[in-house]
>>> print(open('start.cif').read())   # mmCIF, C-alpha atoms and all ligand atoms
data_start
loop_
_atom_site.label_atom_id
_atom_site.label_comp_id
_atom_site.auth_asym_id
_atom_site.auth_seq_id
_atom_site.Cartn_x
_atom_site.Cartn_y
_atom_site.Cartn_z
CA MET C 89 64.31 146.57 168.17
CA ALA C 90 66.26 147.12 165.01
CA GLU C 91 69.14 146.01 162.89
CA VAL C 92 72.06 148.26 162.17
CA ARG C 93 74.28 148.18 159.12
CA LEU C 94 77.53 150.03 158.60
CA GLU C 95 78.65 150.39 154.99
CA ASN C 96 82.20 151.54 154.21
CA LEU C 97 81.92 153.80 157.20
CA ALA C 98 84.84 156.19 157.67
CA LYS C 99 85.71 159.10 159.92
CA LYS C 100 88.72 161.37 159.62
CA PHE C 101 89.79 164.04 162.09
CA ASP C 102 92.26 166.23 160.15
CA GLN C 103 95.16 163.84 159.60
CA VAL C 104 93.86 161.00 161.78
CA THR C 105 91.72 158.27 160.24
CA ALA C 106 89.81 157.13 163.32
CA VAL C 107 87.47 154.76 161.46
CA ASP C 108 88.64 153.32 158.18
CA ARG C 109 85.89 152.00 155.88
CA ILE C 110 84.27 149.46 158.15
CA ASN C 111 81.45 147.12 157.10
CA LEU C 112 79.32 145.47 159.72
CA GLU C 113 75.80 144.12 160.13
CA ILE C 114 74.32 143.95 163.59
CA LYS C 115 71.23 141.75 163.67
CA ASP C 116 68.00 142.57 165.39
CA GLY C 117 68.36 141.70 169.07
CA GLU C 118 72.04 140.88 168.78
CA PHE C 119 74.73 141.72 171.35
CA LEU C 120 77.70 142.74 169.23
CA THR C 121 80.97 144.02 170.66
CA LEU C 122 83.63 146.19 169.07
CA VAL C 123 86.86 145.16 170.77
CA GLY C 124 90.39 146.42 170.26
CA PRO C 125 93.19 148.37 171.91
CA SER C 126 92.86 151.97 173.01
CA GLY C 127 92.76 154.39 170.08
CA CYS C 128 91.61 151.87 167.46
CA GLY C 129 88.40 153.79 166.71
CA LYS C 130 85.77 151.97 168.79
CA SER C 131 84.23 155.05 170.42
CA THR C 132 84.27 156.97 167.17
CA ALA C 133 82.43 154.13 165.42
CA LEU C 134 79.80 154.14 168.16
CA ARG C 135 79.43 157.91 168.01
CA LEU C 136 78.86 157.66 164.25
CA VAL C 137 76.03 155.20 164.86
CA ALA C 138 74.55 157.52 167.49
CA GLY C 139 74.88 160.52 165.19
CA LEU C 140 77.16 162.37 167.62
CA GLU C 141 79.81 162.59 164.88
CA LYS C 142 79.26 163.33 161.22
CA VAL C 143 80.49 160.60 158.88
CA THR C 144 83.35 161.44 156.50
CA SER C 145 82.15 158.81 154.05
CA GLY C 146 80.00 155.68 154.01
CA ASN C 147 76.60 155.03 155.52
CA VAL C 148 74.83 154.04 158.69
CA TYR C 149 71.54 152.20 158.19
CA ILE C 150 69.00 151.43 160.88
CA ASP C 151 66.46 148.91 159.64
CA GLU C 152 67.70 149.57 156.11
CA LYS C 153 67.02 153.28 156.39
CA ALA C 154 70.03 155.54 155.87
CA VAL C 155 70.29 157.76 158.94
CA ASN C 156 73.35 159.87 158.08
CA HIS C 157 71.26 163.01 158.04
CA ILE C 158 69.00 162.18 160.95
CA PRO C 159 69.95 163.94 164.20
CA PRO C 160 70.83 161.82 167.26
CA GLN C 161 67.60 162.48 169.18
CA LYS C 162 65.52 161.20 166.24
CA ARG C 163 67.39 157.92 165.85
CA ASN C 164 65.79 156.22 168.86
CA ILE C 165 69.17 155.13 170.08
CA SER C 166 70.46 155.42 173.66
CA MET C 167 74.10 155.57 174.62
CA VAL C 168 75.82 154.94 177.95
CA PHE C 169 79.35 156.27 178.36
CA GLN C 170 82.24 155.16 180.53
CA SER C 171 81.93 158.31 182.62
CA TYR C 172 78.19 158.17 183.20
CA ALA C 173 77.31 161.52 184.71
CA LEU C 174 74.15 161.27 186.77
CA PHE C 175 72.53 164.53 187.85
CA PRO C 176 73.93 164.82 191.40
CA HIS C 177 71.06 166.85 192.89
CA MET C 178 68.34 164.63 191.46
CA SER C 179 66.99 161.47 193.04
CA VAL C 180 67.33 158.12 191.30
CA GLU C 181 63.73 158.43 190.20
CA SER C 182 64.21 161.90 188.71
CA ASN C 183 67.41 160.82 187.01
CA LEU C 184 65.53 157.95 185.42
CA ALA C 185 62.55 160.08 184.41
CA PHE C 186 64.61 162.92 182.96
CA GLY C 187 64.82 161.63 179.38
CA LEU C 188 61.11 160.93 179.34
CA LYS C 189 60.37 164.46 180.52
CA ILE C 190 62.42 165.82 177.60
CA LYS C 191 60.35 163.61 175.31
CA ARG C 192 57.19 165.05 176.88
CA LYS C 193 55.75 161.73 177.93
CA SER C 194 52.64 161.72 180.11
CA GLN C 195 53.00 161.46 183.87
CA GLU C 196 51.41 158.03 183.78
CA GLU C 197 53.76 156.67 181.14
CA LYS C 198 56.76 158.15 182.96
CA MET C 199 55.80 156.43 186.20
CA GLN C 200 55.15 153.15 184.46
CA ARG C 201 58.47 153.08 182.64
CA VAL C 202 60.49 154.22 185.65
CA LYS C 203 58.91 151.46 187.71
CA TRP C 204 59.73 148.93 184.99
CA VAL C 205 63.40 149.98 185.01
CA LEU C 206 63.62 150.02 188.81
CA ASP C 207 62.34 146.43 188.83
CA LEU C 208 64.48 145.33 185.92
CA LEU C 209 67.70 146.63 187.42
CA GLY C 210 67.06 145.76 191.05
CA LEU C 211 66.83 149.39 192.17
CA LYS C 212 63.51 149.17 193.98
CA GLY C 213 63.57 151.01 197.30
CA MET C 214 66.23 153.45 196.08
CA GLU C 215 63.89 155.81 194.22
CA LYS C 216 64.47 158.74 196.58
CA ARG C 217 68.22 158.39 197.01
CA LEU C 218 70.74 160.78 195.53
CA PRO C 219 73.58 159.39 193.37
CA LYS C 220 76.10 160.00 196.18
CA GLU C 221 74.05 157.69 198.41
CA LEU C 222 74.55 154.78 196.00
CA SER C 223 77.38 152.30 195.51
CA GLY C 224 79.39 152.32 192.28
CA GLY C 225 77.44 149.39 190.91
CA GLN C 226 74.10 150.96 191.74
CA ARG C 227 75.10 154.21 190.06
CA GLN C 228 76.12 152.26 187.00
CA ARG C 229 72.71 150.58 186.96
CA VAL C 230 70.97 153.96 187.16
CA ALA C 231 73.04 155.13 184.18
CA LEU C 232 71.95 152.03 182.29
CA GLY C 233 68.39 152.58 183.47
CA ARG C 234 68.37 156.10 182.12
CA ALA C 235 69.13 154.68 178.69
CA LEU C 236 66.69 151.76 178.94
CA VAL C 237 63.76 153.82 180.14
CA LEU C 238 63.60 155.40 176.68
CA GLU C 239 63.05 151.94 175.18
CA PRO C 240 65.60 152.52 172.46
CA ASP C 241 65.72 150.42 169.28
CA VAL C 242 69.46 150.21 169.74
CA LEU C 243 71.50 150.51 172.92
CA LEU C 244 75.10 151.69 172.60
CA LEU C 245 77.44 150.99 175.52
CA ASP C 246 80.92 152.53 175.54
CA GLU C 247 83.13 150.79 178.13
CA PRO C 248 80.34 151.06 180.71
CA LEU C 249 82.10 148.87 183.27
CA SER C 250 85.58 150.41 183.16
CA ASN C 251 85.10 152.60 186.21
CA LEU C 252 84.08 149.71 188.45
CA ASP C 253 86.44 147.62 190.56
CA ALA C 254 87.35 144.16 189.29
CA LYS C 255 84.88 142.20 191.38
CA LEU C 256 81.94 144.44 190.61
CA ARG C 257 82.89 144.46 186.94
CA LEU C 258 82.56 140.68 186.87
CA ARG C 259 79.17 140.82 188.53
CA MET C 260 77.88 143.54 186.23
CA ARG C 261 79.01 141.43 183.27
CA THR C 262 76.65 138.64 184.28
CA GLU C 263 73.91 141.15 185.02
CA LEU C 264 74.26 142.74 181.60
CA LYS C 265 74.11 139.40 179.90
CA ARG C 266 70.99 138.43 181.80
CA LEU C 267 69.46 141.82 181.08
CA HIS C 268 70.03 141.41 177.36
CA LYS C 269 68.38 137.98 177.39
CA LYS C 270 65.36 139.58 179.00
CA ILE C 271 64.93 142.76 176.95
CA LYS C 272 66.43 141.54 173.64
CA THR C 273 67.35 145.06 172.55
CA THR C 274 70.02 145.30 169.87
CA ILE C 275 73.23 146.20 171.71
CA ILE C 276 76.49 147.50 170.35
CA TYR C 277 79.06 147.29 173.12
CA VAL C 278 82.57 148.72 173.13
CA THR C 279 85.47 147.49 175.24
CA HIS C 280 89.25 147.11 175.12
CA ASP C 281 88.92 144.11 177.45
CA GLN C 282 88.96 140.91 175.40
CA ALA C 283 87.66 138.78 178.29
CA GLU C 284 84.65 141.05 178.66
CA ALA C 285 84.01 140.90 174.91
CA MET C 286 84.32 137.12 174.87
CA THR C 287 81.92 136.49 177.75
CA LEU C 288 79.22 139.03 176.86
CA SER C 289 78.83 138.94 173.12
CA ASP C 290 76.89 136.98 170.57
CA ARG C 291 79.52 138.13 168.07
CA LEU C 292 82.53 140.39 168.20
CA ALA C 293 84.32 142.59 165.71
CA VAL C 294 88.04 142.91 166.40
CA MET C 295 89.38 146.36 165.51
CA LYS C 296 92.85 147.73 164.96
CA ASP C 297 93.90 151.09 163.49
CA GLY C 298 90.35 152.00 162.53
CA ARG C 299 89.73 148.78 160.65
CA ILE C 300 87.78 145.63 161.43
CA LEU C 301 90.08 142.62 161.20
CA GLN C 302 87.64 139.83 162.00
CA ILE C 303 83.97 139.35 162.83
CA GLY C 304 82.68 136.18 164.43
CA THR C 305 81.32 134.42 167.48
CA PRO C 306 83.70 134.27 170.45
CA GLN C 307 84.35 130.61 169.70
CA GLU C 308 85.04 131.16 165.99
CA ILE C 309 87.51 133.92 166.75
CA TYR C 310 89.24 131.98 169.50
CA GLU C 311 89.55 128.81 167.48
CA ARG C 312 90.27 130.29 164.09
CA PRO C 313 91.76 133.78 164.24
CA THR C 314 92.35 135.05 160.71
CA ASP C 315 95.43 137.14 161.50
CA ILE C 316 98.33 137.42 163.94
CA PHE C 317 96.94 140.49 165.69
CA THR C 318 93.59 138.89 166.50
CA ALA C 319 95.30 135.67 167.50
CA GLY C 320 97.47 137.50 170.02
CA PHE C 321 94.78 139.88 171.25
CA ILE C 322 92.08 137.33 172.07
CA GLY C 323 92.88 134.87 174.86
CA SER C 324 94.73 135.07 178.18
CA PRO C 325 97.55 134.33 178.71
CA PRO C 326 98.07 135.27 175.08
CA MET C 327 98.89 132.83 172.31
CA ASN C 328 102.61 132.03 171.95
CA PHE C 329 104.27 132.88 168.64
CA ILE C 330 107.31 131.04 167.32
CA LEU C 331 108.99 131.43 163.95
CA GLY C 332 108.24 128.42 161.75
CA GLU C 333 111.90 127.98 160.85
CA ARG C 334 112.62 127.07 164.48
CA LEU C 335 110.13 124.23 164.52
CA PRO C 336 110.89 120.84 162.91
CA PHE C 337 107.17 120.19 162.43
CA VAL C 338 106.37 123.26 160.33
CA LYS C 339 108.59 123.38 157.31
CA ARG C 340 107.60 126.76 155.98
CA GLU C 341 110.07 129.60 155.84
CA GLU C 342 107.46 132.31 155.83
CA ALA C 343 105.51 130.90 158.75
CA MET C 344 104.79 132.37 162.15
CA VAL C 345 103.30 129.65 164.30
CA GLY C 346 100.82 130.43 167.07
CA ILE C 347 100.17 127.96 169.89
CA ARG C 348 97.83 128.62 172.80
CA PRO C 349 99.08 127.77 176.31
CA GLU C 350 96.47 125.00 176.64
CA ASP C 351 97.63 123.36 173.40
CA LEU C 352 101.10 122.60 174.77
CA SER C 353 101.99 119.89 177.23
CA VAL C 354 105.20 119.41 179.19
CA SER C 355 107.29 116.25 178.92
CA LEU C 356 110.31 115.54 181.08
CA GLU C 357 111.63 113.15 178.44
CA LYS C 358 112.60 113.88 174.89
CA ALA C 359 109.55 113.59 172.66
CA GLU C 360 109.01 113.65 168.92
CA LYS C 361 107.97 116.92 167.26
CA SER C 362 108.62 118.80 170.47
CA ILE C 363 110.35 122.02 171.47
CA LEU C 364 113.33 121.88 173.82
CA GLY C 365 113.26 124.38 176.67
CA LYS C 366 114.02 125.15 180.25
CA SER C 367 111.31 125.57 182.88
CA SER C 368 111.00 128.89 184.64
CA VAL C 369 108.36 130.10 187.11
CA THR C 370 104.84 128.75 187.54
CA GLU C 371 101.99 131.22 187.81
CA THR C 372 98.99 130.06 189.81
CA LEU C 373 95.65 131.55 188.82
CA GLY C 374 93.35 129.58 191.07
CA SER C 375 92.17 126.62 189.03
CA ASP C 376 94.67 127.07 186.19
CA ASN C 377 98.45 126.97 186.57
CA TYR C 378 100.73 128.28 183.87
CA LEU C 379 104.37 127.35 183.49
CA TYR C 380 106.73 129.71 181.71
CA VAL C 381 109.38 128.03 179.60
CA ASP C 382 112.53 129.58 178.14
CA ILE C 383 113.30 128.52 174.61
CA SER C 384 116.44 130.55 173.95
CA ASP C 385 115.22 134.16 173.55
CA LEU C 386 111.49 133.40 173.92
CA LEU C 387 109.35 132.85 176.99
CA ILE C 388 106.51 130.43 176.26
CA SER C 389 103.47 129.95 178.48
CA VAL C 390 102.01 126.50 178.97
CA ARG C 391 98.91 125.47 180.87
CA LEU C 392 99.82 122.67 183.25
CA LYS C 393 97.56 119.71 183.89
CA PRO C 394 95.71 119.87 187.22
CA ASP C 395 98.16 118.84 189.98
CA GLN C 396 101.13 118.89 187.60
CA LYS C 397 104.15 120.56 189.20
CA ILE C 398 107.38 121.39 187.39
CA GLU C 399 110.47 122.57 189.25
CA GLU C 400 112.35 125.60 187.98
CA ASP C 401 115.46 125.28 185.78
CA GLN C 402 114.71 121.83 184.41
CA THR C 403 115.27 120.67 180.88
CA ILE C 404 111.84 119.91 179.43
CA TRP C 405 110.18 119.29 176.07
CA LEU C 406 107.04 121.08 174.97
CA VAL C 407 104.70 118.90 172.96
CA PRO C 408 102.18 120.81 170.85
CA ASN C 409 98.76 119.51 169.92
CA LEU C 410 99.40 119.70 166.17
CA GLU C 411 95.69 119.85 165.36
CA LYS C 412 95.40 123.08 167.30
CA ILE C 413 98.35 125.08 166.03
CA HIS C 414 97.81 128.25 164.01
CA VAL C 415 100.03 129.12 161.07
CA PHE C 416 100.33 132.66 159.76
CA ASP C 417 102.31 134.25 156.95
CA LYS C 418 104.79 136.36 158.92
CA SER C 419 104.97 139.10 156.31
CA THR C 420 101.21 139.60 155.72
CA GLY C 421 100.09 138.45 159.17
CA ARG C 422 97.28 136.43 157.54
CA ARG C 423 96.34 132.90 158.47
CA VAL C 424 97.49 130.28 155.98
CA GLN C 425 96.24 126.78 155.34
CA TRP C 426 98.43 124.18 156.87
CA ALA C 427 97.88 120.45 156.78
CA GLY C 428 99.70 118.78 159.66
N1 LIG C 501 87.40 164.62 168.32
C1 LIG C 501 88.57 164.13 167.91
N2 LIG C 501 89.50 164.90 167.31
C2 LIG C 501 90.65 164.41 166.85
N3 LIG C 501 91.02 163.11 166.96
C3 LIG C 501 90.15 162.27 167.55
C4 LIG C 501 88.89 162.72 168.04
N4 LIG C 501 88.24 161.65 168.57
C5 LIG C 501 89.06 160.59 168.41
N5 LIG C 501 90.20 160.96 167.78
C6 LIG C 501 91.31 160.06 167.42
O1 LIG C 501 90.77 158.99 166.68
C7 LIG C 501 91.40 157.76 167.04
C8 LIG C 501 90.36 156.79 167.57
O2 LIG C 501 89.85 157.26 168.80
P1 LIG C 501 88.70 156.52 169.60
O3 LIG C 501 87.56 156.26 168.68
O4 LIG C 501 88.41 157.33 170.81
O5 LIG C 501 89.40 155.15 169.99
P2 LIG C 501 89.00 154.05 171.11
O6 LIG C 501 87.62 154.35 171.56
O7 LIG C 501 89.14 152.74 170.40
O8 LIG C 501 90.02 154.19 172.18
C9 LIG C 501 92.48 158.12 168.06
O9 LIG C 501 93.69 158.28 167.37
C10 LIG C 501 91.97 159.44 168.62
O10 LIG C 501 93.05 160.20 169.09
MG MG C 502 86.94 154.76 173.55
#
>>> encode(input="start.cif", output="structure tokens", more="lines below")
Ligand SMILES: Nc1ncnc2c1ncn2[C@@H]1O[C@H](COP(=O)(O)OP(=O)(O)O)[C@@H](O)[C@H]1O
Ligand SMILES: [Mg+2]
Amino acid sequence: MAEVRLENLAKKFDQVTAVDRINLEIKDGEFLTLVGPSGCGKSTALRLVAGLEKVTSGNVYIDEKAVNHIPPQKRNISMVFQSYALFPHMSVESNLAFGLKIKRKSQEEKMQRVKWVLDLLGLKGMEKRLPKELSGGQRQRVALGRALVLEPDVLLLDEPLSNLDAKLRLRMRTELKRLHKKIKTTIIYVTHDQAEAMTLSDRLAVMKDGRILQIGTPQEIYERPTDIFTAGFIGSPPMNFILGERLPFVKREEAMVGIRPEDLSVSLEKAEKSILGKSSVTETLGSDNYLYVDISDLLISVRLKPDQKIEEDQTIWLVPNLEKIHVFDKSTGRRVQWAG
């Protein structure tokens, strides 16, 4: 177990700044996720922690020890990649034991640790199988097992669930969470999938263009995003954005107002401090139904109450929960204080 600290960490590839002076503390035993769109520098940041890339500037500390000049194999870190390549001609057992062999562990210790991982990941009975004789989820667990068997201080996971189908991905999410509760290893997880980040993490760091925009618990970030990008990136369907000048209840010229679909309700009669619109289609996502509403050039999503049905092409009024609206400065993108 260990804590990791990134201090003004930066990485440039020729002209591209992949990671732009990020600062981040990952606590001992924490599950922290770097989340952001493709190309924002998540993998590069992880590779800098692992020592697979040389830093351009800044520092990586593990337990307050600067590790910039320590090679990857001496950092006691394990990394699992999106494209986890298992050795195809080796059994599950040999795949799991491989890293320990490299580390010249005794036969007894190897067997003990491999057994521990087989138990931990529900792979008992599959010791002799080849990777091709496993399902996608089982292969993914072997890849994870190969990292865990080394008992790393820090486990780095780079989009490890992306190659799985949607259903399996959901199941592996719960498994990963349970696994972390059990082993309490410090985990830095990378994903572009905000839902995955929200459900798995103790805290997340939202990245864009090589920078960290916000760090917080899933709830903090959902309830109080500090900028327009984070506000729109976290949550599904995404937050609606409306220029403040179009809303009678926010009298601020520079404002961009964000309202989540669940913070709007639909009224068939004119209401105070509401937004006039016309109903469009309803999208049914099992338990939650979302109505799309045209307000001139914008399409706004609204979560309907259970059993609420709204016909298409009706004149309706959207009533926001004013305590839950988010106000941003449209030129800087930063959150601004706003008192009802
Ligand atoms: N080895 C490399 N050489 C040049 N550019 C790279 C290299 N690795 C990553 N980049 C660039 O750095 C940026 C961040 O990439 P990456 O860290 O892979 O993003 P993410 O994992 O968030 O998708 C991208 O613009 C990418 O093209
Ligand atoms: Mg990546």
>>> closest_residue(input="start.cif", among="C:Ser375, C:Ser389, C:Ser289, C:Gln200", to="C:Met327", atoms="all atoms listed in the file")
C:Ser389
>>> residues_near_ligand(input="start.cif", ligand="ligand LIG 501 (chain C)", cutoff="6 Å", atoms="all atoms listed in the file", output="list of chain:residue names")
C:Phe101, C:Ala106, C:Ser126, C:Gly127, C:Cys128, C:Gly129, C:Lys130, C:Ser131, C:Thr132
>>> closest_residue(input="start.cif", among="C:Asp417, C:Asp246, C:Asp395, C:Glu308", to="ligand MG 502 (chain C)", atoms="all atoms listed in the file")
C:Asp246
>>> residues_near_ligand(input="start.cif", ligand="ligand MG 502 (chain C)", cutoff="12 Å", atoms="only C-alpha atoms and all ligand atoms", output="PyMOL selection string")
chain C and resi 106+122-135+168-171+245-248+250+277-281+295+298
>>> atom_distance(input="start.cif", atom1="atom CA of C:Gly421", atom2="atom CA of C:Phe321")
13.3 Å
>>> atom_distance(input="start.cif", atom1="atom CA of C:Ser179", atom2="atom CA of C:Lys193")
18.8 Å
>>> atom_distance(input="start.cif", atom1="atom CA of C:Glu411", atom2="atom CA of C:Thr305")
20.6 Å
>>> residues_near_point(input="start.cif", point="(71.9, 153.3, 180.1)", cutoff="12 Å", atoms="all atoms listed in the file", output="short mmCIF file (atom, residue, chain, number, x, y, z; two decimals) with C-alpha atoms, in the frame of the given file")
data_model
loop_
_atom_site.label_atom_id
_atom_site.label_comp_id
_atom_site.auth_asym_id
_atom_site.auth_seq_id
_atom_site.Cartn_x
_atom_site.Cartn_y
_atom_site.Cartn_z
CA ILE C 165 69.17 155.13 170.08
CA SER C 166 70.46 155.42 173.66
CA MET C 167 74.10 155.57 174.62
CA VAL C 168 75.82 154.94 177.95
CA PHE C 169 79.35 156.27 178.36
CA GLN C 170 82.24 155.16 180.53
CA SER C 171 81.93 158.31 182.62
CA TYR C 172 78.19 158.17 183.20
CA ALA C 173 77.31 161.52 184.71
CA LEU C 174 74.15 161.27 186.77
CA ASN C 183 67.41 160.82 187.01
CA LEU C 184 65.53 157.95 185.42
CA GLY C 187 64.82 161.63 179.38
CA VAL C 205 63.40 149.98 185.01
CA LEU C 209 67.70 146.63 187.42
CA ARG C 227 75.10 154.21 190.06
CA GLN C 228 76.12 152.26 187.00
CA ARG C 229 72.71 150.58 186.96
CA VAL C 230 70.97 153.96 187.16
CA ALA C 231 73.04 155.13 184.18
CA LEU C 232 71.95 152.03 182.29
CA GLY C 233 68.39 152.58 183.47
CA ARG C 234 68.37 156.10 182.12
CA ALA C 235 69.13 154.68 178.69
CA LEU C 236 66.69 151.76 178.94
CA VAL C 237 63.76 153.82 180.14
CA LEU C 238 63.60 155.40 176.68
CA GLU C 239 63.05 151.94 175.18
CA PRO C 240 65.60 152.52 172.46
CA VAL C 242 69.46 150.21 169.74
CA LEU C 243 71.50 150.51 172.92
CA LEU C 244 75.10 151.69 172.60
CA LEU C 245 77.44 150.99 175.52
CA ASP C 246 80.92 152.53 175.54
CA GLU C 247 83.13 150.79 178.13
CA PRO C 248 80.34 151.06 180.71
CA LEU C 249 82.10 148.87 183.27
CA LEU C 264 74.26 142.74 181.60
CA LEU C 267 69.46 141.82 181.08
CA ILE C 275 73.23 146.20 171.71
CA TYR C 277 79.06 147.29 173.12
#
>>> closest_residue(input="start.cif", among="C:Glu181, C:Arg217, C:Lys296, C:Ile413", to="C:Gln425", atoms="all atoms listed in the file")
C:Ile413
>>> residues_around(input="start.cif", residues="C:Tyr149", least_positions_apart="2", cutoff="12 Å", atoms="all atoms listed in the file", output="list in words")
Ala90, Glu91, Val92, Arg93, Leu94, Glu95, Asn96, Leu97, Asn111, Leu112, Glu113, Ile114, Lys115, Leu136, Val137, Ala138, Gly139, Gly146, Asn147, Asp151, Glu152, Lys153, Ala154, Val155, Asn156, His157, Ile158, Arg163 and Val242 of chain C
>>> closest_residue(input="start.cif", among="C:Arg266, C:Ile383, C:Gly224, C:Trp204", to="C:Leu252", atoms="only C-alpha atoms")
C:Gly224
>>> residues_around(input="start.cif", residues="C:Ala293", least_positions_apart="5", cutoff="7 Å", atoms="all atoms listed in the file", output="ChimeraX atom specification")
/C:121-123,300,302-304
>>> closest_residue(input="start.cif", among="C:Leu387, C:Leu335, C:Ile276, C:Ala343", to="C:Ile316", atoms="only C-alpha atoms")
C:Ala343
>>> closest_residue(input="start.cif", among="C:Val338, C:Val390, C:Met89, C:Met178", to="C:Glu221", atoms="only C-alpha atoms")
C:Met178
>>> residues_near_point(input="start.cif", point="(110.7, 129.9, 158.8)", cutoff="12 Å", atoms="only C-alpha atoms", output="list in words")
Ile330, Leu331, Gly332, Glu333, Arg334, Leu335, Pro336, Phe337, Val338, Lys339, Arg340, Glu341, Glu342, Ala343, Met344, Val345, Val415, Phe416, Asp417, Lys418 and Ser419 of chain C
>>> write_last_selection(input="start.cif", atoms="C-alpha atoms", output="JSON list (two decimals), in the coordinates of the input")
[["chain", "number", "residue", "atom", "x", "y", "z"],
["C", 330, "ILE", "CA", 107.31, 131.04, 167.32],
["C", 331, "LEU", "CA", 108.99, 131.43, 163.95],
["C", 332, "GLY", "CA", 108.24, 128.42, 161.75],
["C", 333, "GLU", "CA", 111.90, 127.98, 160.85],
["C", 334, "ARG", "CA", 112.62, 127.07, 164.48],
["C", 335, "LEU", "CA", 110.13, 124.23, 164.52],
["C", 336, "PRO", "CA", 110.89, 120.84, 162.91],
["C", 337, "PHE", "CA", 107.17, 120.19, 162.43],
["C", 338, "VAL", "CA", 106.37, 123.26, 160.33],
["C", 339, "LYS", "CA", 108.59, 123.38, 157.31],
["C", 340, "ARG", "CA", 107.60, 126.76, 155.98],
["C", 341, "GLU", "CA", 110.07, 129.60, 155.84],
["C", 342, "GLU", "CA", 107.46, 132.31, 155.83],
["C", 343, "ALA", "CA", 105.51, 130.90, 158.75],
["C", 344, "MET", "CA", 104.79, 132.37, 162.15],
["C", 345, "VAL", "CA", 103.30, 129.65, 164.30],
["C", 415, "VAL", "CA", 100.03, 129.12, 161.07],
["C", 416, "PHE", "CA", 100.33, 132.66, 159.76],
["C", 417, "ASP", "CA", 102.31, 134.25, 156.95],
["C", 418, "LYS", "CA", 104.79, 136.36, 158.92],
["C", 419, "SER", "CA", 104.97, 139.10, 156.31]]
>>> build_atoms(input="start.cif", residues="stretch 363-374 of chain C", atoms="N, CA, C and O atoms", output="PDB file, in the coordinates of the input")
ATOM      1  N   ILE C 363     109.502 120.838 171.409  1.00  0.00           N
ATOM      2  CA  ILE C 363     110.350 122.020 171.470  1.00  0.00           C
ATOM      3  C   ILE C 363     111.148 121.934 172.773  1.00  0.00           C
ATOM      4  O   ILE C 363     110.574 121.844 173.860  1.00  0.00           O
ATOM      5  N   LEU C 364     112.459 121.983 172.649  1.00  0.00           N
ATOM      6  CA  LEU C 364     113.330 121.880 173.820  1.00  0.00           C
ATOM      7  C   LEU C 364     113.344 123.208 174.560  1.00  0.00           C
ATOM      8  O   LEU C 364     113.447 124.277 173.955  1.00  0.00           O
ATOM      9  N   GLY C 365     113.239 123.151 175.885  1.00  0.00           N
ATOM     10  CA  GLY C 365     113.260 124.380 176.670  1.00  0.00           C
ATOM     11  C   GLY C 365     113.665 124.136 178.102  1.00  0.00           C
ATOM     12  O   GLY C 365     113.995 123.011 178.496  1.00  0.00           O
ATOM     13  N   LYS C 366     113.655 125.235 178.858  1.00  0.00           N
ATOM     14  CA  LYS C 366     114.020 125.150 180.250  1.00  0.00           C
ATOM     15  C   LYS C 366     112.917 125.784 181.076  1.00  0.00           C
ATOM     16  O   LYS C 366     112.463 126.898 180.784  1.00  0.00           O
ATOM     17  N   SER C 367     112.445 125.063 182.106  1.00  0.00           N
ATOM     18  CA  SER C 367     111.310 125.570 182.880  1.00  0.00           C
ATOM     19  C   SER C 367     111.717 126.789 183.696  1.00  0.00           C
ATOM     20  O   SER C 367     112.827 126.871 184.220  1.00  0.00           O
ATOM     21  N   SER C 368     110.802 127.717 183.791  1.00  0.00           N
ATOM     22  CA  SER C 368     111.000 128.890 184.640  1.00  0.00           C
ATOM     23  C   SER C 368     109.872 128.883 185.685  1.00  0.00           C
ATOM     24  O   SER C 368     109.482 127.814 186.139  1.00  0.00           O
ATOM     25  N   VAL C 369     109.340 130.040 186.013  1.00  0.00           N
ATOM     26  CA  VAL C 369     108.360 130.100 187.110  1.00  0.00           C
ATOM     27  C   VAL C 369     106.987 129.543 186.716  1.00  0.00           C
ATOM     28  O   VAL C 369     106.631 129.498 185.544  1.00  0.00           O
ATOM     29  N   THR C 370     106.228 129.153 187.724  1.00  0.00           N
ATOM     30  CA  THR C 370     104.840 128.750 187.540  1.00  0.00           C
ATOM     31  C   THR C 370     103.952 129.828 188.132  1.00  0.00           C
ATOM     32  O   THR C 370     104.208 130.324 189.229  1.00  0.00           O
ATOM     33  N   GLU C 371     102.929 130.202 187.351  1.00  0.00           N
ATOM     34  CA  GLU C 371     101.990 131.220 187.810  1.00  0.00           C
ATOM     35  C   GLU C 371     100.686 130.507 188.163  1.00  0.00           C
ATOM     36  O   GLU C 371     100.154 129.757 187.353  1.00  0.00           O
ATOM     37  N   THR C 372     100.203 130.741 189.365  1.00  0.00           N
ATOM     38  CA  THR C 372      98.990 130.060 189.810  1.00  0.00           C
ATOM     39  C   THR C 372      97.818 131.021 189.748  1.00  0.00           C
ATOM     40  O   THR C 372      97.838 132.055 190.398  1.00  0.00           O
ATOM     41  N   LEU C 373      96.826 130.700 188.922  1.00  0.00           N
ATOM     42  CA  LEU C 373      95.650 131.550 188.820  1.00  0.00           C
ATOM     43  C   LEU C 373      94.434 130.775 189.310  1.00  0.00           C
ATOM     44  O   LEU C 373      93.499 130.532 188.566  1.00  0.00           O
ATOM     45  N   GLY C 374      94.468 130.356 190.555  1.00  0.00           N
ATOM     46  CA  GLY C 374      93.350 129.580 191.070  1.00  0.00           C
ATOM     47  C   GLY C 374      93.319 128.206 190.456  1.00  0.00           C
ATOM     48  O   GLY C 374      94.187 127.382 190.724  1.00  0.00           O
TER      49      GLY C 374
END
